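K.L.:
Questions regarding the structure given below will be posed in turn.
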Amino acid sequence: MLLAAAVILSGCTEQRLFAVRAVAAAVPSLAPFFEEDGSLGTDETKLRPEQAHSGLQQGNTPGLYGGTQKPKVCDVDRLKDFLTDPRNRQKAREWARIVGIEPDRIEGYIDDLTPVLLRHDTLVKNHDYKKGKAVAFDALLEAGIAVLVNDQGLPAVKCSCGNPLQSFDKDPEKISVKFEDGNKKWDGYEKSDVVTVKPAPEPLERIALIDVDNPDQGINRPVGSTGENDEPFDATKQHAVPRVAGMTFDQASQRLSELGLAAAFSDGLPPGDAAVTGSDPGPGTELRFGEAVTLSVADDGEEPGTPPKSDPSDGPPTDDDPTSDDPTSDGPTTDGPTTDEPTTSGPTTDDPTTDDPDTGDPDTGSPTSGEPTTDRPTTGEPTTIEPTTAVPTTPTTSSTPPTVEPTSAEPTSAEPTSAEPTRSEPVTSEPASSAPGSSGAPASGESAVGAA
């Protein structure tokens with residue numbers, strides 16, 4: 001009986017693996033929407049997959065994608081002409097259905113997409129066209145494949161064949177990659193370096209790319225452009241890690257993105273409103289464009305803005321740090337977030353294909369009393385802290401100001417009270433498997449890395 005149970009359990013474990021079809025660069029699909037003859041787009045076949053700092057990456061991650069000055073990596077105009085040709089009406093209906101728009105909105109939707117090159121082997125939900133219908137299948141796209149991404153950094157179209165793409169919605173730890181139909185295992189493939197892309201916390205205005213022909217150079221590409229408005233910058237320039245303790249995860253990842261740094265995390269993608277307790281490396285550490293900063297978030301029992309017992313972010317303040325000008329005193333300081341902390345700006349999207357994490361603003365736990373309140377002592381003796389009205393400061397070295405303006409907490413009462421911080425429970429949202437919609441009005445997801 002024990003042996004039979006072990007066999008059953010083993011079979012169940014095997015059944016839980018998800019079959020994923022490998023799609024190699026420049027290998028034609030057997031049932032594409034558009035014949036892969038090189039006229040719609042071309043892949044970069046000499047680009048080896050980069051080692052991933054995290055299996056889950058947000059669409060605003062600097063250097064997640066690559067760029068090139070070569071023309072027509074994606075021929076956007078030809079794709080629009082093909083899908084709006086009356087002879088391809090059925091294909092257009094199916095294509096629009098997967099994307100989640102009406103067929104008459106195809107041109108506008110494509111105009112908002114941006115051509116890039118994958119720098120990592122990337123999991124997506126791909127679609128073939130068979131017998132008048134779009135047929136979904138899970139796919140692993142090889143680094144070097146040209147795709148169009150939407151304004152949240154999500155792959156939306158495979159350039160060479162016009163196939164619509166959606167976010168991968170299964171557990172990437174439970175995949176079984178199938179190399180077949182001419183898609184042989186490519187050089188540099190490592191299952192541990194496979195990447196799944198999640199939506200950026202805010203719609204992007206520009207996408208910070210690495211020039212695949214010159215990795216020491218970056219490219220700022222406006223969303224919805226095809227390279228004609230690219231702005232190069234020095235990708236070797238160092239940027240100081242800002243102080244992020246007390247921010248929400250979305251705020252911290254957005255701040256890092258503005259400085260050209262990537263947000264990494266050790267145990268799944270945290271909720272957008274999860275309180276960040278520290279970073280590794282800590283504030284003031286100099287990193288080059290695209291390097292990762294691992295964020296620590298509070299446990300469920302901790303309040304947003306509460307410092308951890310051992311905060312790795314207690315490093316020296318920097319000019320890039322929006323909280324570096326906080327007033328200090330000889331006594332204990334308040335445990336709440338500083339007044340230079342950006343307000344919560346959770347994920348927003350017009351993309352009906354991906355269920356974004358709930359972005360409810362976490363309560364900062366700030367006292368509501370207008371009179372002095374007693375903070376929790378740090379040395380055993382209670383002390384009273386006089387509240388002051390903090391004036392927001394502006395970072396002086398970032399080439400682009402933070403996209404979220406700091407706010408100051410105002411007194412709400414004239415009577416002294418002892419206010420307890422309220423709890424903000426993180427909300428977790430699972431990605432869904434539906435088609436990406438048209439991009440909304442871009443917000444400030446621009447990398448603050450300027451031209452060299």
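Here, A, B, ... name the chains of the structure tokens in the order displayed, residue numbers run from 1 inside each chain, and ligands are numbered from 1 in the same displayed order.
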Find the residues of range 160-267 of chain A that sit at most 9 Å from range 290-294 of chain A; for each, write down the nearest two atoms and how far apart they are in Å, to one decimal. Count only C-alpha atoms. Sort by chain, then by number going up, and give it as a tab-separated table.
P.N.:
```
residue	atom	partner	partner_atom	distance
A:Ile210	CA	A:Gly290	CA	8.8
A:Ala235	CA	A:Gly290	CA	8.1
A:Val241	CA	A:Val293	CA	7.7
A:Leu256	CA	A:Val293	CA	8.1
A:Ser257	CA	A:Gly290	CA	8.7
A:Gly260	CA	A:Gly290	CA	5.8
A:Leu261	CA	A:Gly290	CA	4.9
A:Ala262	CA	A:Ala292	CA	4.4
A:Ala263	CA	A:Val293	CA	5.2
A:Ala264	CA	A:Thr294	CA	4.4
A:Phe265	CA	A:Thr294	CA	5.2
A:Ser266	CA	A:Thr294	CA	7.3
```
K.L.:
Which distance in Å separates CA of Leu287 in chain A and CA of Asp151 in chain A, to one decimal?
P.N.:
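These two atoms are separated by 26.1 Å.
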K.L.:
For Gly59 in chain A, which of A:Ala19, A:Ala200, A:Leu123, A:Leu47 is the closest residue, counting only C-alpha atoms?
P.N.:
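Ranking A:Ala19, A:Ala200, A:Leu123, A:Leu47 by distance to Gly59 in chain A, first place goes to A:Ala200.
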K.L.:
Report the distance between CA of Leu204 in chain A and CA of Ala143 in chain A in Å, rounded to one decimal place.
P.N.:
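Between these atoms lies a distance of 22.2 Å.
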K.L.:
Could you check how far CA of Asp138 in chain A sits from CA of Leu64 in chain A, in Å to one decimal?
P.N.:
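Distance reported for this atom pair: 20.6 Å.
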K.L.:
Would you kindly return, as a list in words, each protein, DNA or RNA residue with an atom no farther than 10 Å from any atom of Leu209 in chain A, considering only C-alpha atoms and excluding same-chain residues fewer than 6 positions away?
P.N.:
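Counting only the stated atoms, we get Thr61, Pro62, Gly63, Leu64, Tyr65, Gly66, Gly67, Thr68, Val116, Leu117, Arg119, Pro215, Gln217, Gly218, Ile219, Asn220, Arg221, Asp230, Pro232, Phe233, Ala235, Gly290 and Ser447 of chain A.
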K.L.:
With distances taken over only C-alpha atoms, which residue among A:Pro103, A:Gly144, A:Gly108, A:Gly55 lies nearest Gly41 in chain A?
P.N.:
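Using only C-alpha atoms, Gly41 in chain A sits closest to A:Gly144.
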K.L.:
For Tyr189 in chain A, which residue out of A:Asp121, A:Asp37, A:Asp77, A:Asp234 is the nearest one, using only C-alpha atoms?
P.N.:
A:Asp121
K.L.:
Determine the nearest neighbour of Asp75 in chain A from the options A:Ala136, A:Val297, A:Leu113, A:Leu259, counting only C-alpha atoms.
P.N.:
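Closest to Asp75 in chain A, using only C-alpha atoms: A:Leu113.
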